[in-house]
Amino acid sequence: MVRKSIFCVMIAILSVLLVACGGSSSSSSDAEETTVVGDDIEGATELTFWTFAGQHVDLFEDAAIAWNEEFPDRPIKLVAETYPFDQMHNNLLLALQSGSGAPDLADIEVSRFPNYLQGVPQLLPMNEHVDPVIDKFVEARFTLYSKDGSFYGMPTHVGASVMYYNTEILDEAGVDVESINTWDDFVEAGKQVVENTGKQMITVDTDDHLPLQQLISQNGSDFFDSNGNLILDDEKNIEVLQFLHDLVHVHEIAELTPGGHPHAEEYYAYMNDGNVAALAMPIWYMGRFIDNMPDLDGKITIQPLPAWEEGGFRSAGMGGTGTVVTNQTEHEELAKDFLAYAKLTERANEKLWTILGFDPPRWDVWDNDVFQEDNPFYQYFGDNIFEVLLDVRDEINSINITPHTPTVANEITTNVLNEVLRQKSDTAEEALKKAQEAVESNMQE
């Protein structure tokens, strides 16, 4: 729920949750999984870490082991607790607002992060660690987790959007992937694919706002401007939505995505059978190919997104998690130093790739030796992954997330995409203007 009364409602809901838990905060017994590192080290200082993503624990476990080896005079006992997504975010918000029960460190998903920046943030700024190295990072990823010049969340990946091309289909169609530089080129290549293979160039999603938002961001716009003002009906947004409509209904080189979105089992099966030549998604989608589309192994190449115009941006940054130090920690210096070690160092960013398979936000490590070592991603997609990322690293706009972002996402997936792409009852302009009015009304309640 994202209205002006969000925090009052949240407090009421969370109070019920915490009463059910029988205390003022979650304990290890409430966690789905608890991992402890360093409990055998005498004199180790305990730091607690909450996350909603079990695989993130692997990163911090590795960091804690390495920290204790490198800094034996400052050992830590890391207690990492994994909770369900909503439970973790809800309990963390209430703990911070009530003044007790919060962990030392926590992961906060990007769409929830604005909730923790309301008023005076109950998080500790990390500027003393970020400022000296920010020129080595994709800076837009820090902007997501900042307020008034203070950096609170340490990013987990770039989330750089790329185009995944099925080279088997393009070769059959006689299309050179290197010739696709703009979206106009993409349309022409798509016509060639349809004519020569009878297959589709791409699918267009109806149940997920992210694929639309990444193209809007690439086009220099967003759902909200930098001041938090709603700009759903911006001309650039209309242009992108109209383009997606035209791919299906005018150019006839696309069809609506089976299952409605690129994470649906129907889509995995359809793509795996070799029915579609291209997919635009962030680099973190690589794992979806490996896990769900084994028959495309060796057939998919990664390239920058086509630009909206010559010289335009060819990527966008989507998704994310910011790791924070809360103001309830009793070990501020140690918690900050450890978080910087786990997220900002060269070693940390190498581990984001080798442990999690994420595109690390520190771009100056992308040509390090570890990124050249053979692994399942290179075996599946080829060895140009980081060449592409280096090529587009300065072409990633920051997206603006507000407490009303979930309302916008719901409006887009419930009404806008359905009206424009499925029913064809509204033009892109009509649908986005209606959505603007609907969300504005919700924001005023």
# chains A, B, ... in the order shown; residues from 1 in each chain; ligands from 1
>>> residues_around(residues="Ile180 of chain A", least_positions_apart="6", cutoff="8 Å", atoms="only C-alpha atoms", output="JSON, numbers by chain")
{"A": [186, 189, 306]}
>>> write_last_selection(atoms="all heavy atoms", output="CSV table (one decimal), in the first residue's frame")
chain,number,residue,atom,x,y,z
A,186,PHE,N,16.8,-2.8,-35.6
A,186,PHE,CA,16.2,-4.0,-35.0
A,186,PHE,C,14.9,-4.4,-35.7
A,186,PHE,O,14.7,-5.6,-36.0
A,186,PHE,CB,15.9,-3.7,-33.5
A,186,PHE,CG,15.4,-4.9,-32.7
A,186,PHE,CD1,16.3,-5.8,-32.1
A,186,PHE,CD2,14.0,-5.1,-32.6
A,186,PHE,CE1,15.8,-6.9,-31.4
A,186,PHE,CE2,13.5,-6.1,-31.9
A,186,PHE,CZ,14.4,-7.0,-31.3
A,189,ALA,N,15.8,-5.9,-39.1
A,189,ALA,CA,16.3,-7.3,-38.9
A,189,ALA,C,15.2,-8.2,-38.5
A,189,ALA,O,15.1,-9.4,-39.0
A,189,ALA,CB,17.4,-7.3,-37.8
A,306,PRO,N,19.9,-2.0,-28.7
A,306,PRO,CA,19.9,-1.0,-29.8
A,306,PRO,C,19.5,0.4,-29.2
A,306,PRO,O,18.7,0.5,-28.3
A,306,PRO,CB,18.8,-1.5,-30.7
A,306,PRO,CG,18.5,-3.0,-30.4
A,306,PRO,CD,18.8,-3.1,-28.9
>>> residues_around(residues="Leu389 of chain A", least_positions_apart="4", cutoff="8 Å", atoms="only C-alpha atoms", output="PyMOL selection string")
chain A and resi 160+385+393
>>> residues_around(residues="Asp185 of chain A", least_positions_apart="5", cutoff="12 Å", atoms="only C-alpha atoms", output="ChimeraX atom specification")
/A:175-180,190-192,305-310
>>> closest_residue(among="A:Leu59, A:Met154, A:Ala316, A:Ala95", to="Lys336 of chain A", atoms="only C-alpha atoms")
A:Met154
>>> closest_residue(among="A:Asn384, A:Ser111, A:Gln122, A:Thr45", to="Val325 of chain A", atoms="only C-alpha atoms")
A:Gln122
>>> residues_around(residues="segment 255-270 of chain A", least_positions_apart="5", cutoff="6 Å", atoms="only C-alpha atoms", output="number ranges by chain")
A: 203-208, 248
>>> select_by_dssp(residues="segment 158-202 of chain A", states="strand (DSSP E)", output="ChimeraX atom specification")
/A:161-166,202
>>> residues_around(residues="His157 of chain A", least_positions_apart="5", cutoff="7 Å", atoms="only C-alpha atoms", output="PyMOL selection string")
chain A and resi 320+358-361
>>> residues_around(residues="Met286 of chain A", least_positions_apart="5", cutoff="9 Å", atoms="only C-alpha atoms", output="ChimeraX atom specification")
/A:281,291,357,377,380-381
